[in-house]
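Okay, entry30.txt now, which holds compact mmCIF, C-alpha atoms and all ligand atoms:
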# COMPACT_ATOMS: atom_id res chain seq x y z
CA MET A 1 -28.33 -111.67 22.18
CA ASP A 2 -25.24 -113.31 20.68
CA LEU A 3 -24.70 -111.53 17.36
CA GLY A 4 -22.80 -114.52 15.98
CA ILE A 5 -19.87 -112.50 14.60
CA ALA A 6 -17.12 -113.17 17.16
CA GLY A 7 -13.82 -113.83 15.36
CA LYS A 8 -14.85 -111.92 12.22
CA THR A 9 -12.68 -109.02 11.03
CA ALA A 10 -14.01 -105.52 10.45
CA LEU A 11 -12.70 -102.38 8.80
CA VAL A 12 -14.19 -99.32 10.50
CA CYS A 13 -13.42 -95.99 8.82
CA GLY A 14 -13.46 -92.61 10.54
CA ALA A 15 -13.24 -94.39 13.86
CA SER A 16 -11.10 -92.35 16.25
CA LYS A 17 -14.23 -90.65 17.60
CA GLY A 18 -17.93 -90.10 17.07
CA LEU A 19 -20.15 -92.53 15.20
CA GLY A 20 -17.31 -94.57 13.68
CA TYR A 21 -15.82 -95.10 17.14
CA GLY A 22 -19.26 -96.12 18.44
CA CYS A 23 -19.46 -98.78 15.71
CA ALA A 24 -15.93 -100.08 16.40
CA LEU A 25 -16.70 -100.26 20.13
CA ALA A 26 -19.89 -102.26 19.61
CA LEU A 27 -18.04 -104.67 17.31
CA VAL A 28 -15.02 -105.33 19.59
CA LYS A 29 -17.45 -105.94 22.45
CA GLU A 30 -18.89 -108.73 20.27
CA GLY A 31 -15.43 -110.23 19.82
CA VAL A 32 -14.88 -108.84 16.31
CA ASN A 33 -11.30 -107.94 15.32
CA VAL A 34 -11.26 -104.35 14.12
CA LEU A 35 -8.97 -102.25 11.98
CA VAL A 36 -9.74 -98.61 12.69
CA VAL A 37 -8.81 -95.69 10.45
CA ALA A 38 -8.56 -91.92 10.95
CA ARG A 39 -6.17 -89.16 9.88
CA GLY A 40 -5.06 -87.90 13.28
CA GLN A 41 -2.54 -90.25 14.94
CA GLU A 42 -2.96 -89.16 18.55
CA ALA A 43 -6.75 -89.53 18.73
CA LEU A 44 -6.58 -92.80 16.77
CA ASP A 45 -3.95 -94.33 19.11
CA ASP A 46 -6.02 -93.29 22.10
CA ALA A 47 -9.16 -94.78 20.54
CA ALA A 48 -7.34 -98.03 19.69
CA GLN A 49 -6.22 -98.38 23.31
CA ARG A 50 -9.77 -97.90 24.62
CA LEU A 51 -11.10 -100.37 22.03
CA ALA A 52 -8.49 -102.99 23.00
CA ALA A 53 -9.50 -102.58 26.66
CA ALA A 54 -13.17 -103.14 25.76
CA ALA A 55 -12.55 -106.11 23.43
CA THR A 56 -13.89 -109.55 24.31
CA GLY A 57 -12.93 -113.04 23.18
CA GLY A 58 -9.37 -112.04 22.31
CA ALA A 59 -10.48 -109.63 19.57
CA GLN A 60 -7.53 -107.71 18.12
CA VAL A 61 -7.42 -103.99 17.38
CA GLN A 62 -5.27 -102.54 14.61
CA ALA A 63 -5.02 -98.85 13.74
CA VAL A 64 -3.99 -97.29 10.45
CA VAL A 65 -3.46 -93.55 10.15
CA ALA A 66 -4.83 -92.68 6.70
CA ASP A 67 -7.12 -90.39 4.79
CA ILE A 68 -9.66 -92.95 3.59
CA THR A 69 -10.89 -90.59 0.87
CA THR A 70 -7.59 -90.94 -1.02
CA GLU A 71 -6.31 -93.85 -3.09
CA ALA A 72 -3.07 -93.83 -1.08
CA GLY A 73 -5.02 -93.96 2.18
CA ARG A 74 -7.05 -96.97 1.03
CA ALA A 75 -3.89 -98.68 -0.25
CA ALA A 76 -2.31 -98.21 3.20
CA VAL A 77 -5.30 -99.94 4.80
CA PHE A 78 -5.36 -102.85 2.33
CA GLY A 79 -1.58 -103.16 2.70
CA VAL A 80 -2.14 -104.10 6.35
CA GLN A 81 -5.19 -106.33 5.85
CA ARG A 82 -6.84 -107.45 2.61
CA ASP A 83 -9.85 -109.53 3.56
CA PHE A 84 -12.61 -108.09 5.70
CA ASP A 85 -15.88 -109.74 6.75
CA ILE A 86 -17.39 -106.42 7.80
CA VAL A 87 -16.78 -102.92 6.41
CA VAL A 88 -18.18 -99.74 7.96
CA THR A 89 -17.64 -96.83 5.57
CA ASN A 90 -17.43 -93.36 7.07
CA ALA A 91 -15.58 -90.07 6.63
CA GLY A 92 -16.14 -86.48 7.63
CA GLY A 93 -19.21 -84.81 6.17
CA PRO A 94 -18.96 -81.90 3.72
CA PRO A 95 -19.19 -78.33 5.05
CA PRO A 96 -22.49 -76.43 5.16
CA GLY A 97 -23.07 -73.41 2.93
CA ASP A 98 -24.97 -71.86 0.05
CA PHE A 99 -24.90 -73.78 -3.24
CA ARG A 100 -24.19 -70.50 -5.06
CA ASP A 101 -20.74 -70.47 -3.44
CA TRP A 102 -19.77 -74.04 -4.31
CA ASP A 103 -17.53 -74.50 -7.32
CA ARG A 104 -16.65 -77.72 -9.10
CA ASP A 105 -13.84 -78.44 -6.62
CA ALA A 106 -16.21 -78.29 -3.66
CA TRP A 107 -18.55 -80.75 -5.37
CA VAL A 108 -15.73 -83.10 -6.42
CA LYS A 109 -14.45 -83.17 -2.81
CA ALA A 110 -17.90 -84.01 -1.44
CA VAL A 111 -18.59 -86.66 -4.07
CA ASP A 112 -15.11 -88.13 -3.51
CA ALA A 113 -15.53 -88.40 0.28
CA ASN A 114 -19.20 -89.32 0.61
CA MET A 115 -19.97 -91.24 -2.57
CA LEU A 116 -16.88 -92.52 -4.41
CA THR A 117 -14.92 -93.56 -1.29
CA PRO A 118 -17.64 -95.93 -0.03
CA ILE A 119 -18.03 -97.25 -3.60
CA GLU A 120 -14.27 -97.92 -3.83
CA LEU A 121 -14.33 -99.69 -0.46
CA ILE A 122 -17.29 -101.83 -1.57
CA LYS A 123 -15.52 -102.63 -4.84
CA ALA A 124 -12.35 -103.68 -3.01
CA THR A 125 -14.06 -106.01 -0.53
CA VAL A 126 -17.39 -107.29 -1.76
CA ASP A 127 -16.24 -110.08 -4.11
CA GLY A 128 -13.97 -111.59 -1.43
CA MET A 129 -16.88 -111.53 0.99
CA ALA A 130 -19.11 -113.25 -1.58
CA GLN A 131 -16.48 -115.94 -2.23
CA ARG A 132 -16.23 -116.63 1.51
CA GLY A 133 -20.04 -116.63 1.83
CA PHE A 134 -20.34 -113.90 4.46
CA GLY A 135 -20.13 -110.12 4.32
CA ARG A 136 -21.65 -107.06 5.91
CA ILE A 137 -21.19 -103.54 4.63
CA VAL A 138 -22.70 -100.62 6.52
CA ASN A 139 -22.38 -97.12 5.08
CA ILE A 140 -22.77 -94.27 7.55
CA THR A 141 -24.73 -91.70 5.54
CA SER A 142 -27.19 -89.15 6.96
CA SER A 143 -30.86 -88.50 7.61
CA SER A 144 -30.38 -85.73 5.02
CA VAL A 145 -30.76 -88.45 2.37
CA LYS A 146 -34.44 -88.82 3.34
CA SER A 147 -35.05 -85.33 4.63
CA PRO A 148 -32.68 -82.84 2.99
CA ILE A 149 -31.20 -79.94 4.96
CA ASP A 150 -30.86 -76.86 2.71
CA ILE A 151 -27.43 -75.71 3.95
CA LEU A 152 -26.07 -79.26 3.57
CA GLY A 153 -26.59 -79.47 -0.19
CA LEU A 154 -23.19 -81.09 -0.74
CA SER A 155 -24.14 -83.86 1.68
CA ASN A 156 -27.71 -84.23 0.32
CA GLY A 157 -26.38 -84.61 -3.21
CA ALA A 158 -23.30 -86.79 -2.72
CA ARG A 159 -24.94 -89.17 -0.25
CA SER A 160 -28.04 -89.57 -2.43
CA GLY A 161 -25.74 -90.72 -5.23
CA LEU A 162 -24.27 -93.36 -2.92
CA THR A 163 -27.75 -94.40 -1.81
CA GLY A 164 -28.84 -95.01 -5.41
CA PHE A 165 -25.72 -97.03 -6.14
CA VAL A 166 -26.13 -99.17 -3.01
CA ALA A 167 -29.79 -99.88 -3.81
CA GLY A 168 -28.64 -101.54 -7.03
CA VAL A 169 -25.50 -103.36 -5.95
CA ALA A 170 -27.06 -104.74 -2.74
CA ARG A 171 -29.65 -106.53 -4.92
CA SER A 172 -27.12 -107.89 -7.41
CA GLY A 173 -25.62 -111.41 -7.38
CA ILE A 174 -23.89 -110.84 -4.02
CA ALA A 175 -27.27 -110.90 -2.26
CA SER A 176 -27.46 -114.69 -2.70
CA GLN A 177 -23.88 -115.14 -1.46
CA GLY A 178 -24.30 -114.04 2.14
CA VAL A 179 -23.38 -110.39 1.61
CA THR A 180 -25.58 -107.52 2.74
CA ILE A 181 -25.10 -103.80 2.17
CA ASN A 182 -27.13 -101.30 4.15
CA ASN A 183 -26.97 -97.59 4.89
CA LEU A 184 -27.30 -96.32 8.45
CA LEU A 185 -28.69 -92.78 8.56
CA PRO A 186 -27.88 -90.70 11.65
CA GLY A 187 -30.13 -87.86 12.71
CA SER A 188 -28.61 -85.79 15.55
CA PHE A 189 -25.92 -87.59 17.53
CA ASP A 190 -23.82 -86.09 20.29
CA THR A 191 -20.41 -86.00 18.59
CA ASP A 192 -17.71 -83.41 17.86
CA ARG A 193 -19.28 -82.74 14.47
CA LEU A 194 -22.63 -81.85 16.04
CA ARG A 195 -20.94 -79.69 18.70
CA ASN A 196 -18.89 -77.89 16.04
CA THR A 197 -22.06 -77.15 14.06
CA ALA A 198 -23.58 -75.64 17.22
CA ILE A 199 -20.43 -73.57 17.83
CA GLY A 200 -20.66 -72.25 14.25
CA ALA A 201 -24.34 -71.37 14.72
CA ALA A 202 -23.57 -69.68 18.06
CA LYS A 203 -20.93 -67.49 16.43
CA LYS A 204 -23.29 -66.56 13.59
CA THR A 205 -26.32 -65.75 15.75
CA GLY A 206 -24.69 -64.58 18.99
CA GLN A 207 -26.80 -67.11 20.93
CA PRO A 208 -25.16 -69.33 23.59
CA ILE A 209 -24.24 -72.84 22.35
CA GLU A 210 -26.49 -74.43 25.01
CA ALA A 211 -29.51 -72.47 23.73
CA ILE A 212 -28.83 -73.68 20.20
CA GLN A 213 -28.46 -77.30 21.35
CA GLU A 214 -31.65 -77.14 23.47
CA ALA A 215 -33.64 -75.62 20.58
CA ARG A 216 -32.44 -78.43 18.30
CA LYS A 217 -33.42 -81.10 20.85
CA LYS A 218 -36.95 -79.66 20.93
CA THR A 219 -37.32 -80.52 17.21
CA ILE A 220 -36.68 -84.21 17.98
CA PRO A 221 -39.55 -86.29 19.37
CA ALA A 222 -37.08 -88.10 21.70
CA ARG A 223 -36.07 -84.62 23.01
CA ARG A 224 -32.40 -85.53 23.10
CA PHE A 225 -29.44 -86.33 20.87
CA GLY A 226 -28.47 -89.93 20.25
CA THR A 227 -25.22 -91.37 21.60
CA PRO A 228 -22.43 -92.99 19.55
CA GLU A 229 -22.96 -96.14 21.66
CA GLU A 230 -26.61 -96.37 20.55
CA PHE A 231 -25.57 -95.85 16.95
CA GLY A 232 -22.86 -98.52 17.27
CA ALA A 233 -25.35 -101.04 18.67
CA ILE A 234 -27.59 -100.64 15.59
CA CYS A 235 -24.55 -101.00 13.33
CA ALA A 236 -23.45 -104.17 15.13
CA PHE A 237 -26.93 -105.65 14.70
CA LEU A 238 -26.83 -104.90 10.95
CA CYS A 239 -23.47 -106.74 10.89
CA SER A 240 -24.84 -109.70 12.82
CA VAL A 241 -25.90 -113.12 11.56
CA HIS A 242 -29.47 -112.17 12.53
CA ALA A 243 -29.62 -109.40 9.92
CA ALA A 244 -28.81 -111.74 7.00
CA TYR A 245 -32.20 -111.11 5.36
CA MET A 246 -31.90 -107.31 5.48
CA THR A 247 -30.14 -105.73 2.55
CA GLY A 248 -30.32 -102.56 0.46
CA GLN A 249 -32.06 -100.74 3.31
CA ASN A 250 -31.78 -97.19 4.61
CA VAL A 251 -32.04 -97.44 8.37
CA LEU A 252 -32.84 -94.16 10.14
CA ALA A 253 -31.64 -93.54 13.69
CA ASP A 254 -33.01 -90.09 14.53
CA GLY A 255 -35.16 -90.20 17.68
CA GLY A 256 -38.27 -89.89 15.50
CA ALA A 257 -37.20 -86.63 13.82
CA TYR A 258 -38.15 -87.74 10.28
CA PRO A 259 -41.85 -86.85 10.10
CA GLY A 260 -42.96 -89.27 7.36
CA THR A 261 -44.99 -92.47 7.75
CA TYR A 262 -42.65 -94.39 5.41
P1 LIG A 301 -16.87 -86.74 14.10
O1 LIG A 301 -17.27 -86.82 15.53
O2 LIG A 301 -16.26 -85.47 13.59
O3 LIG A 301 -15.87 -87.96 13.81
C1 LIG A 301 -15.38 -88.17 12.51
C2 LIG A 301 -14.35 -89.28 12.56
O4 LIG A 301 -13.96 -89.59 11.22
C3 LIG A 301 -13.07 -88.91 13.29
O5 LIG A 301 -12.51 -90.06 13.85
C4 LIG A 301 -12.19 -88.36 12.17
O6 LIG A 301 -10.83 -88.40 12.54
C5 LIG A 301 -12.54 -89.36 11.07
N1 LIG A 301 -12.35 -88.87 9.70
C6 LIG A 301 -12.86 -87.74 9.15
N2 LIG A 301 -12.47 -87.62 7.88
C7 LIG A 301 -11.69 -88.71 7.61
C8 LIG A 301 -10.97 -89.15 6.48
N3 LIG A 301 -10.97 -88.43 5.34
N4 LIG A 301 -10.27 -90.31 6.55
C9 LIG A 301 -10.27 -91.03 7.67
N5 LIG A 301 -10.91 -90.68 8.79
C10 LIG A 301 -11.62 -89.52 8.76
O7 LIG A 301 -18.11 -86.99 13.13
P2 LIG A 301 -19.43 -87.87 13.37
O8 LIG A 301 -20.45 -86.99 14.01
O9 LIG A 301 -19.08 -89.17 13.98
O10 LIG A 301 -19.92 -88.06 11.87
C11 LIG A 301 -19.56 -89.18 11.08
C12 LIG A 301 -20.29 -89.06 9.74
O11 LIG A 301 -21.69 -89.06 9.97
C13 LIG A 301 -19.98 -87.75 8.98
O12 LIG A 301 -19.93 -87.99 7.60
C14 LIG A 301 -21.18 -86.87 9.32
O13 LIG A 301 -21.43 -85.92 8.33
C15 LIG A 301 -22.28 -87.92 9.39
N6 LIG A 301 -23.42 -87.44 10.19
C16 LIG A 301 -23.29 -87.19 11.50
C17 LIG A 301 -24.39 -86.74 12.23
C18 LIG A 301 -24.31 -86.45 13.72
O14 LIG A 301 -25.32 -86.04 14.30
N7 LIG A 301 -23.20 -86.62 14.38
C19 LIG A 301 -25.62 -86.56 11.58
C20 LIG A 301 -25.71 -86.82 10.22
C21 LIG A 301 -24.60 -87.28 9.53
P3 LIG A 301 -9.74 -87.48 11.80
O15 LIG A 301 -10.34 -86.12 11.69
O16 LIG A 301 -8.53 -87.54 12.68
O17 LIG A 301 -9.49 -88.12 10.47
Would you give me this structure, written as structure tokens?
Amino acid sequence: MDLGIAGKTALVCGASKGLGYGCALALVKEGVNVLVVARGQEALDDAAQRLAAAATGGAQVQAVVADITTEAGRAAVFGVQRDFDIVVTNAGGPPPGDFRDWDRDAWVKAVDANMLTPIELIKATVDGMAQRGFGRIVNITSSSVKSPIDILGLSNGARSGLTGFVAGVARSGIASQGVTINNLLPGSFDTDRLRNTAIGAAKKTGQPIEAIQEARKKTIPARRFGTPEEFGAICAFLCSVHAAYMTGQNVLADGGAYPGTY
């Protein structure tokens, strides 16, 4: 299927590895120019090279080393490129823990990274998209928005705030101007973050990492973790011309793990 977005320009945050990289890869394969962001230079340069090698139709790859959760980081990105047709918001998730141990600073950090940063990115790009008559914003959130995980209270809370905001803004005036905003909710995907969680659990319980991973897979009807490539393909579809009538949605990609009918 031709997604109809060749020649468009995308900002993909948190894209040197994992789910963000998967999204950038799917987009460059469709001929979309991408500007990728991450904090670590080495991994980002390496990712940019692999993306350029995979690009079709002369799509260009730019890389900006920045912490997207800071005002300075976002200014660095918009200093390189102002107008984007597609924005994929993403940053590292907050740490797990017990809510009794989280102080105001911990909450402010989580809300900053996983709620206010996507809102700032939407604010900076959405009106330009509306004026040009085309825009796609995809926020990488988490299945924890629909099915909370107790030790991830910072994520459950901050991302639910973003979800409520997006539900409103996606249905505002921009909806009739060719702009869609959707949230893409990962369940368990095989990335560094998932592996690091398993390493943490292995240290805590004394179980081998493989045993922890296998036990987790058994809780998923698909009996496996998703791949960043699969996640990227869903993101690219949400960014496509074919998804123009889909907005304000929370799209789960979790191998069937969410047990509800709706
Ligand atoms: P990952 O493999 O750790 O990759 C995270 C990427 O984001 C890296 O490129 C990282 O590079 C970049 N990044 C992190 N913080 C950043 C910041 N402040 N500014 C710019 N770039 C930043 O993580 P992932 O598994 O792809 O997860 C992506 C998001 O999805 C996270 O919010 C995570 O909580 C959420 N999620 C993931 C899963 C899963 O199964 N993988 C499930 C539910 C939710 P640098 O560190 O160099 O900046």
Using only C-alpha atoms and all ligand atoms, find each protein or nucleic acid residue lying at most 7 Å from ligand LIG 301 (chain A); present the set as a JSON list (two decimals) with C-alpha atoms, in the coordinates of the input.
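Output file result10.json is given in full below:
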[["chain", "number", "residue", "atom", "x", "y", "z"],
["A", 13, "CYS", "CA", -13.42, -95.99, 8.82],
["A", 14, "GLY", "CA", -13.46, -92.61, 10.54],
["A", 15, "ALA", "CA", -13.24, -94.39, 13.86],
["A", 16, "SER", "CA", -11.10, -92.35, 16.25],
["A", 17, "LYS", "CA", -14.23, -90.65, 17.60],
["A", 18, "GLY", "CA", -17.93, -90.10, 17.07],
["A", 19, "LEU", "CA", -20.15, -92.53, 15.20],
["A", 20, "GLY", "CA", -17.31, -94.57, 13.68],
["A", 21, "TYR", "CA", -15.82, -95.10, 17.14],
["A", 37, "VAL", "CA", -8.81, -95.69, 10.45],
["A", 38, "ALA", "CA", -8.56, -91.92, 10.95],
["A", 39, "ARG", "CA", -6.17, -89.16, 9.88],
["A", 40, "GLY", "CA", -5.06, -87.90, 13.28],
["A", 41, "GLN", "CA", -2.54, -90.25, 14.94],
["A", 43, "ALA", "CA", -6.75, -89.53, 18.73],
["A", 44, "LEU", "CA", -6.58, -92.80, 16.77],
["A", 66, "ALA", "CA", -4.83, -92.68, 6.70],
["A", 67, "ASP", "CA", -7.12, -90.39, 4.79],
["A", 68, "ILE", "CA", -9.66, -92.95, 3.59],
["A", 69, "THR", "CA", -10.89, -90.59, 0.87],
["A", 90, "ASN", "CA", -17.43, -93.36, 7.07],
["A", 91, "ALA", "CA", -15.58, -90.07, 6.63],
["A", 92, "GLY", "CA", -16.14, -86.48, 7.63],
["A", 93, "GLY", "CA", -19.21, -84.81, 6.17],
["A", 94, "PRO", "CA", -18.96, -81.90, 3.72],
["A", 113, "ALA", "CA", -15.53, -88.40, 0.28],
["A", 140, "ILE", "CA", -22.77, -94.27, 7.55],
["A", 141, "THR", "CA", -24.73, -91.70, 5.54],
["A", 142, "SER", "CA", -27.19, -89.15, 6.96],
["A", 143, "SER", "CA", -30.86, -88.50, 7.61],
["A", 185, "LEU", "CA", -28.69, -92.78, 8.56],
["A", 186, "PRO", "CA", -27.88, -90.70, 11.65],
["A", 187, "GLY", "CA", -30.13, -87.86, 12.71],
["A", 188, "SER", "CA", -28.61, -85.79, 15.55],
["A", 189, "PHE", "CA", -25.92, -87.59, 17.53],
["A", 190, "ASP", "CA", -23.82, -86.09, 20.29],
["A", 191, "THR", "CA", -20.41, -86.00, 18.59],
["A", 192, "ASP", "CA", -17.71, -83.41, 17.86],
["A", 193, "ARG", "CA", -19.28, -82.74, 14.47],
["A", 194, "LEU", "CA", -22.63, -81.85, 16.04]]
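Atom to atom, CA of Asn114 (chain A) and CA of Leu162 (chain A) stand 7.4 Å apart.
Of note, CA of Asp46 (chain A) and CA of Met115 (chain A) are spaced 28.4 Å apart.
CA of Ala54 (chain A) to CA of Ala6 (chain A) spans 13.8 Å [interatomic distance, one decimal].
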### Query
Any idea what's packed within 12 Å of region 1-5 of chain A, counting all atoms listed in the file, ignoring anything in its chain fewer than 4 positions away? Could you give it as a count of residues only?
31
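The nearest approach to Ala124 (chain A) among the residues A:Gln177, A:Gln81, A:Ser144, A:Thr163, with all atoms listed in the file taken into account, belongs to A:Gln81.
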### Summary
Counting only C-alpha atoms, closest pick from A:Gly73, A:Gly168, A:Pro221, A:Gly248 relative to Leu121 (chain A) is A:Gly73
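The environment of Val61 (chain A) within 8 Å, counting all atoms listed in the file and disregarding residues fewer than 6 places along the same chain, consists of Asn33, Val34, Leu35, Val36, Ala48, Leu51 and Ala52 of chain A.
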### Task
Show which residues sit within 12 Å of Arg132 (chain A), as a list in words. Count only C-alpha atoms, and ignore same-chain residues fewer than 2 positions away.
Lys8, Asp83, Phe84, Asp85, Thr125, Val126, Asp127, Gly128, Met129, Ala130, Phe134, Gly135, Arg136, Ile174, Gln177, Gly178 and Val179 of chain A
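Each of A:Lys217, A:Ala53, A:Ala253, A:Ala47 was checked against Val65 (chain A) using all atoms listed in the file; the smallest atom-to-atom distance is that of A:Ala47.
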Hey, can I get the axis-aligned box for region 112-121 of chain A? All listed atoms, 5 Å padding on each side, centre and edge lengths in Å to one decimal, as AutoDock Vina command-line options.
--center_x -17.1 --center_y -93.9 --center_z -1.9 --size_x 15.7 --size_y 21.6 --size_z 15.0
### Task
Using only C-alpha atoms, pick whichever of A:Ala106, A:Val88, A:Val169, A:Leu11 has the shortest atom-to-atom distance to Ile137 (chain A).
A:Val88
